[in-house]
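K.L.:
Next comes the structure file data21.txt, holding compact mmCIF, C-alpha atoms.
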# COMPACT_ATOMS: atom_id res chain seq x y z
CA MET A 1 -80.12 29.94 53.31
CA GLN A 2 -76.34 29.79 53.41
CA LEU A 3 -74.33 32.06 51.13
CA GLN A 4 -70.93 30.90 49.91
CA ASP A 5 -67.90 32.79 48.70
CA PHE A 6 -67.73 32.77 44.92
CA LYS A 7 -63.94 32.55 44.79
CA SER A 8 -63.87 29.43 46.96
CA ILE A 9 -66.39 27.79 44.61
CA VAL A 10 -64.62 28.70 41.37
CA THR A 11 -61.40 27.02 42.49
CA LYS A 12 -63.13 23.62 42.16
CA TYR A 13 -63.83 23.91 38.42
CA LYS A 14 -61.92 24.08 35.15
CA VAL A 15 -64.58 25.93 33.14
CA ILE A 16 -67.08 28.59 34.19
CA PHE A 17 -70.23 29.32 32.19
CA PHE A 18 -71.70 32.74 32.99
CA ASP A 19 -75.12 34.11 32.27
CA ALA A 20 -74.84 37.74 31.17
CA PHE A 21 -77.62 40.03 32.34
CA GLY A 22 -77.96 40.02 36.12
CA VAL A 23 -74.59 38.34 36.64
CA LEU A 24 -72.06 40.43 34.68
CA LYS A 25 -74.16 43.52 34.05
CA ASN A 26 -77.53 45.09 34.69
CA TYR A 27 -79.53 48.07 33.46
CA LYS A 28 -76.95 50.40 35.05
CA GLY A 29 -73.89 48.81 33.44
CA LEU A 30 -71.32 46.32 34.70
CA ILE A 31 -71.79 44.77 38.12
CA PRO A 32 -69.20 46.74 40.16
CA GLY A 33 -65.96 44.77 40.46
CA ILE A 34 -66.84 42.04 37.95
CA GLU A 35 -63.64 42.75 36.02
CA HIS A 36 -61.68 41.34 38.99
CA THR A 37 -63.39 37.98 38.46
CA PHE A 38 -62.06 37.68 34.93
CA ASN A 39 -58.61 38.84 35.98
CA TYR A 40 -58.58 36.01 38.51
CA LEU A 41 -59.84 33.42 36.00
CA GLN A 42 -57.13 34.40 33.54
CA GLU A 43 -54.44 34.30 36.24
CA GLN A 44 -55.58 30.79 37.22
CA ASN A 45 -55.80 29.62 33.58
CA LYS A 46 -59.47 28.77 33.95
CA ASP A 47 -61.63 28.74 30.85
CA TYR A 48 -64.86 30.76 30.74
CA PHE A 49 -67.74 31.43 28.38
CA ILE A 50 -70.82 33.62 28.36
CA LEU A 51 -74.04 31.66 27.72
CA THR A 52 -76.74 34.06 26.68
CA ASN A 53 -80.26 33.97 25.27
CA ASP A 54 -79.53 37.35 23.69
CA ALA A 55 -79.86 36.91 19.93
CA SER A 56 -80.20 40.62 19.25
CA ARG A 57 -76.57 41.06 18.17
CA SER A 58 -73.71 38.97 16.83
CA PRO A 59 -70.99 37.71 19.22
CA ALA A 60 -68.69 40.43 17.87
CA LEU A 61 -71.19 43.16 18.69
CA LEU A 62 -72.01 41.62 22.07
CA ALA A 63 -68.29 41.54 22.92
CA GLU A 64 -67.94 45.14 21.78
CA SER A 65 -70.72 46.14 24.18
CA TYR A 66 -68.61 44.81 27.07
CA HIS A 67 -65.50 46.55 25.76
CA LYS A 68 -67.35 49.86 25.77
CA LEU A 69 -68.04 49.29 29.46
CA GLY A 70 -64.36 48.56 30.12
CA LEU A 71 -64.50 44.75 30.29
CA TYR A 72 -62.06 43.48 27.67
CA ALA A 73 -61.80 39.87 28.85
CA ILE A 74 -64.97 38.96 26.97
CA THR A 75 -64.10 38.38 23.32
CA PRO A 76 -66.39 37.08 20.54
CA ASP A 77 -65.04 33.54 20.89
CA ARG A 78 -66.10 33.57 24.56
CA ILE A 79 -69.77 34.20 23.74
CA ILE A 80 -72.21 31.36 23.08
CA SER A 81 -75.61 32.67 22.04
CA SER A 82 -78.90 30.90 21.39
CA GLY A 83 -78.79 32.65 18.02
CA MET A 84 -75.99 30.27 17.03
CA LEU A 85 -78.40 27.35 17.37
CA ALA A 86 -80.95 29.07 15.17
CA LYS A 87 -78.26 29.39 12.51
CA GLU A 88 -77.30 25.73 12.92
CA TYR A 89 -80.94 24.65 12.50
CA LEU A 90 -81.32 26.67 9.31
CA ASP A 91 -78.09 25.22 7.94
CA LEU A 92 -79.48 21.71 8.43
CA LYS A 93 -83.16 22.14 7.62
CA VAL A 94 -83.72 25.07 5.26
CA ASN A 95 -81.88 24.84 1.96
CA HIS A 96 -83.44 27.55 -0.18
CA GLY A 97 -85.91 30.39 -0.33
CA THR A 98 -86.48 33.23 2.09
CA VAL A 99 -86.14 33.34 5.86
CA ALA A 100 -88.33 36.06 7.33
CA TYR A 101 -87.48 37.44 10.74
CA LEU A 102 -88.63 39.64 13.59
CA GLY A 103 -85.76 41.69 14.97
CA THR A 104 -83.14 44.26 14.12
CA GLU A 105 -80.68 44.17 11.23
CA ASP A 106 -77.93 43.33 13.75
CA SER A 107 -79.84 40.27 14.93
CA ALA A 108 -80.16 39.00 11.34
CA HIS A 109 -76.46 38.08 11.52
CA TYR A 110 -77.50 34.69 12.87
CA ILE A 111 -79.60 33.71 9.88
CA GLU A 112 -77.52 35.06 7.02
CA ARG A 113 -75.87 32.43 4.86
CA SER A 114 -75.35 31.70 1.18
CA GLY A 115 -78.35 30.32 -0.65
CA LEU A 116 -80.91 31.94 1.64
CA LYS A 117 -82.49 35.34 1.42
CA THR A 118 -83.27 37.10 4.70
CA LEU A 119 -86.21 39.44 4.93
CA PRO A 120 -87.45 41.54 7.84
CA ILE A 121 -91.17 41.15 8.46
CA SER A 122 -91.56 44.89 7.87
CA GLN A 123 -90.64 44.34 4.21
CA LEU A 124 -92.79 41.24 3.71
CA GLU A 125 -95.68 41.48 1.27
CA LEU A 126 -98.45 39.07 2.24
CA ASP A 127 -99.50 38.54 -1.37
CA ASN A 128 -96.01 37.19 -2.16
CA ILE A 129 -95.10 34.62 0.51
CA SER A 130 -94.61 31.44 -1.53
CA GLU A 131 -90.82 31.59 -1.15
CA VAL A 132 -90.87 32.10 2.65
CA ASN A 133 -89.64 28.79 4.05
CA ALA A 134 -88.94 29.73 7.68
CA LEU A 135 -89.59 32.44 10.25
CA VAL A 136 -87.13 33.34 13.00
CA LEU A 137 -88.01 35.42 16.07
CA LEU A 138 -84.78 37.15 17.12
CA ASP A 139 -85.44 40.36 19.04
CA ASP A 140 -88.26 42.48 20.48
CA GLU A 141 -87.05 45.55 18.57
CA GLY A 142 -86.79 46.44 14.90
CA PHE A 143 -90.44 46.09 13.92
CA ASP A 144 -93.88 47.65 14.35
CA TRP A 145 -95.67 45.76 17.11
CA ASN A 146 -99.10 46.26 15.58
CA LYS A 147 -98.59 46.07 11.84
CA ASP A 148 -95.77 43.50 11.76
CA LEU A 149 -97.15 41.12 14.38
CA ASN A 150 -100.35 40.97 12.38
CA LYS A 151 -98.24 40.16 9.31
CA VAL A 152 -96.63 37.29 11.20
CA ILE A 153 -100.00 35.88 12.20
CA ASN A 154 -101.31 35.99 8.64
CA LEU A 155 -98.09 34.55 7.25
CA LEU A 156 -98.42 31.56 9.58
CA ARG A 157 -102.09 31.12 8.76
CA ASN A 158 -101.17 30.71 5.10
CA ARG A 159 -97.74 29.03 5.20
CA ASN A 160 -96.94 25.83 7.10
CA ILE A 161 -93.29 26.68 7.87
CA PRO A 162 -90.98 26.16 10.85
CA VAL A 163 -90.84 29.02 13.33
CA ILE A 164 -87.62 29.32 15.35
CA VAL A 165 -87.51 31.31 18.59
CA ALA A 166 -83.87 32.26 19.14
CA ASN A 167 -84.44 33.79 22.59
CA THR A 168 -86.74 31.97 25.01
CA ASP A 169 -86.77 34.79 27.61
CA THR A 170 -90.28 36.15 28.09
CA THR A 171 -89.17 39.34 29.87
CA TYR A 172 -86.02 41.28 30.72
CA PRO A 173 -85.41 43.84 33.47
CA VAL A 174 -85.25 47.52 32.55
CA SER A 175 -84.91 48.80 36.11
CA GLN A 176 -84.78 47.38 39.61
CA SER A 177 -88.57 47.05 39.74
CA GLN A 178 -89.73 46.92 36.10
CA VAL A 179 -89.46 44.47 33.19
CA ALA A 180 -90.21 44.62 29.48
CA ILE A 181 -91.56 41.86 27.24
CA ALA A 182 -88.87 39.93 25.37
CA ILE A 183 -89.19 38.04 22.11
CA GLY A 184 -89.95 34.80 23.95
CA GLY A 185 -93.06 36.47 25.34
CA VAL A 186 -94.01 37.66 21.86
CA ALA A 187 -93.60 34.08 20.63
CA GLU A 188 -96.03 32.77 23.26
CA LEU A 189 -98.61 35.35 22.21
CA ILE A 190 -98.33 34.38 18.54
CA GLU A 191 -98.46 30.65 19.37
CA ASN A 192 -101.73 31.15 21.22
CA VAL A 193 -103.23 33.05 18.30
CA VAL A 194 -102.22 30.67 15.49
CA GLY A 195 -102.45 27.45 17.52
CA LYS A 196 -98.98 26.20 16.60
CA LYS A 197 -95.89 25.27 18.58
CA PHE A 198 -92.56 26.87 17.73
CA ILE A 199 -88.99 25.56 17.90
CA ARG A 200 -87.11 27.13 20.81
CA PHE A 201 -83.40 27.52 21.43
CA GLY A 202 -81.91 28.93 24.62
CA LYS A 203 -81.77 28.32 28.33
CA PRO A 204 -83.21 26.22 29.95
CA ASP A 205 -83.43 23.88 26.95
CA SER A 206 -80.64 21.34 26.76
CA GLN A 207 -79.56 22.24 23.20
CA LEU A 208 -77.71 25.38 24.30
CA PHE A 209 -75.97 23.61 27.17
CA ASN A 210 -74.95 20.74 24.90
CA PHE A 211 -73.69 23.21 22.28
CA ALA A 212 -71.69 25.04 24.96
CA PHE A 213 -70.32 21.80 26.41
CA GLU A 214 -69.08 20.66 23.00
CA HIS A 215 -67.58 24.11 22.42
CA ALA A 216 -65.72 23.97 25.73
CA CYS A 217 -64.49 20.44 25.03
CA ASN A 218 -62.66 21.74 21.96
CA ASN A 219 -60.32 23.66 24.24
CA CYS A 220 -59.45 20.94 26.75
CA ILE A 221 -60.40 17.50 28.04
CA ILE A 222 -63.26 18.00 30.47
CA ASP A 223 -66.42 16.35 31.69
CA LYS A 224 -69.57 17.85 33.16
CA ASN A 225 -68.20 17.76 36.70
CA ASP A 226 -65.52 20.25 35.61
CA ILE A 227 -68.05 22.94 34.66
CA LEU A 228 -69.92 25.45 36.83
CA MET A 229 -73.00 27.24 35.47
CA VAL A 230 -73.44 30.69 37.03
CA GLY A 231 -76.75 32.52 36.71
CA ASP A 232 -79.31 34.73 38.39
CA THR A 233 -82.52 33.03 37.25
CA LEU A 234 -83.83 29.75 38.64
CA HIS A 235 -86.04 28.78 35.69
CA THR A 236 -83.39 29.27 32.99
CA ASP A 237 -79.77 29.26 34.20
CA ILE A 238 -80.16 27.02 37.24
CA MET A 239 -82.82 24.59 36.02
CA GLY A 240 -81.11 24.21 32.65
CA GLY A 241 -77.69 23.67 34.22
CA ASN A 242 -79.10 21.20 36.75
CA LYS A 243 -80.90 19.17 34.09
CA PHE A 244 -77.78 18.94 31.94
CA GLY A 245 -75.68 17.72 34.86
CA PHE A 246 -73.65 20.84 35.68
CA ASP A 247 -73.15 22.20 39.16
CA THR A 248 -74.86 25.56 39.43
CA ALA A 249 -74.36 28.80 41.35
CA LEU A 250 -77.30 31.15 41.90
CA ILE A 251 -76.17 34.78 41.96
CA LEU A 252 -78.26 37.38 43.80
CA THR A 253 -77.46 40.49 41.74
CA GLY A 254 -80.16 39.99 39.11
CA ILE A 255 -83.67 38.59 38.81
CA THR A 256 -83.45 36.62 42.06
CA GLN A 257 -83.04 39.17 44.83
CA PRO A 258 -81.62 38.24 48.27
CA HIS A 259 -84.93 38.76 50.12
CA MET A 260 -86.83 36.40 47.79
CA ALA A 261 -84.25 33.71 47.00
CA GLU A 262 -85.11 31.20 49.72
CA GLN A 263 -88.85 31.48 49.06
CA TYR A 264 -88.35 31.04 45.30
CA ILE A 265 -86.14 27.99 45.76
CA ARG A 266 -88.69 26.36 48.04
CA SER A 267 -91.69 27.15 45.85
CA THR A 268 -90.06 26.06 42.56
CA GLY A 269 -88.08 23.09 43.81
CA ILE A 270 -85.16 24.29 41.67
CA ILE A 271 -82.15 23.90 43.93
CA PRO A 272 -78.77 25.39 42.98
CA THR A 273 -75.57 23.71 44.13
CA TYR A 274 -74.42 27.04 45.60
CA ILE A 275 -75.87 30.47 46.38
CA CYS A 276 -73.61 33.57 46.24
CA ASP A 277 -74.30 37.25 46.80
CA SER A 278 -72.47 38.03 43.55
CA ALA A 279 -70.01 36.66 40.97
CA VAL A 280 -67.41 39.24 41.95
CA ILE A 281 -64.05 37.93 43.15
CA ARG A 282 -62.45 40.56 45.33
What is this file in structure tokens?

P.N.:
Amino acid sequence: MQLQDFKSIVTKYKVIFFDAFGVLKNYKGLIPGIEHTFNYLQEQNKDYFILTNDASRSPALLAESYHKLGLYAITPDRIISSGMLAKEYLDLKVNHGTVAYLGTEDSAHYIERSGLKTLPISQLELDNISEVNALVLLDDEGFDWNKDLNKVINLLRNRNIPVIVANTDTTYPVSQSQVAIAIGGVAELIENVVGKKFIRFGKPDSQLFNFAFEHACNNCIIDKNDILMVGDTLHTDIMGGNKFGFDTALILTGITQPHMAEQYIRSTGIIPTYICDSAVIR
């Protein structure tokens, strides 16, 4: 397995798409030195965006979380979240009634719009569900895992409504050796119980990459060969980028650790264009 220098790779592209957790930050905070990468990108007039499956907070709040860590180069307009696609779907497909959701109040930002009422599952009364026309799974926090998941199951047994999963991640790391279940994992559990398939937005599905590509094209004239997708996870960042036609860089500061990278690549058949120890430009 040959590692390549991230700076030498970046020079070949006009636009860089970054995954967030495992590439820019981890459970400890920012990846040390990552601010130098964005200083370099700005100096070289290269465009960049953060592609994240995190639908727990609005782009403004996500950007603020970076600012609190001292990284000011990430502004709300630089963040492309799978939650944006959930909002787009509701705009097109759900015209009235109530949208129930699993998640925090902050995550509900993505589904709030005129003409629709949003309702956390915790406040749902199962004897009054006739106006519930969609359910959105946004975050693994903000609800009672026993009481409210049972509400979801009974809602879906009695209402044939679309269910949108705004974050396809099944787990997320909480330490170097431990993970916690994410809302994508909760969605799989509920699907198995009710016997229905949900609508998913987020990496590796092509919708998020297409949304990001169109967003980037608004800033300049580019094609897919001008974009590099940078991520730490083979099954989301790398597979999704590969399928959409982007070059990809696997970063070894997150889910895929250096000692396991070669074995994972061989066993999955998911081959990144480049492999780098980190996304830090020194």

K.L.:
Please compute the CA of Leu24 (chain A)-CA of Trp145 (chain A) distance, one decimal, in Å.

P.N.:
29.9 Å

K.L.:
Between region 94-210 of chain A and region 55-62 of chain A, at 6 Å or less, what are the per-residue closest atom pairs and their distances in Å? Count all atoms listed in the file, order by chain and rising residue number, and return it as a tab-separated table.

P.N.:
residue	atom	partner	partner_atom	distance
A:Asp106	CA	A:Arg57	CA	5.2
A:Ser107	CA	A:Ser56	CA	4.3
A:Leu138	CA	A:Ala55	CA	5.7
A:Asp139	CA	A:Ser56	CA	5.3

K.L.:
Fewer than 4 positions away in the same chain doesn't count, so skip those; otherwise give me all residues within 6 Å of region 84-100 of chain A, counting only C-alpha atoms, as a compact mmCIF listing (two decimals) with C-alpha atoms, keeping the file's coordinate frame.

P.N.:
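File result_28.txt, as written:
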# COMPACT_ATOMS: atom_id res chain seq x y z
CA TYR A 110 -77.50 34.69 12.87
CA ILE A 111 -79.60 33.71 9.88
CA GLY A 115 -78.35 30.32 -0.65
CA LEU A 116 -80.91 31.94 1.64
CA LYS A 117 -82.49 35.34 1.42
CA THR A 118 -83.27 37.10 4.70
CA LEU A 119 -86.21 39.44 4.93
CA PRO A 120 -87.45 41.54 7.84
CA ILE A 121 -91.17 41.15 8.46
CA GLU A 131 -90.82 31.59 -1.15
CA VAL A 132 -90.87 32.10 2.65
CA ASN A 133 -89.64 28.79 4.05
CA ALA A 134 -88.94 29.73 7.68
CA LEU A 135 -89.59 32.44 10.25
CA ALA A 166 -83.87 32.26 19.14

K.L.:
Would you mind listing what lies within 8 Å of Lys203 (chain A) as a PyMOL selection string, with all atoms listed in the file counted and same-chain residues fewer than 5 positions away left out?

P.N.:
chain A and resi 52-53+82+168+208-209+236-237+240

K.L.:
By how many Å are CA of Phe38 (chain A) and CA of Gln178 (chain A) apart?

P.N.:
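Going from CA of Phe38 (chain A) over to CA of Gln178 (chain A) covers 29.2 Å.
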
K.L.:
Nearest residue to Phe211 (chain A) out of A:Lys12, A:Leu69, A:Leu51, A:Met229, using all atoms listed in the file?

P.N.:
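Of the candidates, the smallest distance to Phe211 (chain A) is held by A:Leu51.
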
K.L.:
Please tell me which residues are no farther than 10 Å from (-98.0, 38.9, 0.8) in the file, counting all atoms listed in the file, and write them as a list in words.

P.N.:
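Applying the cut-off with all atoms listed in the file, one gets Gln123, Leu124, Glu125, Leu126, Asp127, Asn128, Ile129, Ser130, Lys151, Asn154, Leu155 and Asn158 of chain A.
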
K.L.:
Please list as a ChimeraX atom specification every residue within 12 Å of Ile275 (chain A), counting all atoms listed in the file and excluding residues in the same chain fewer than 5 positions away.

P.N.:
/A:1-6,9,229-234,238,247-253,256-258,261-262,265
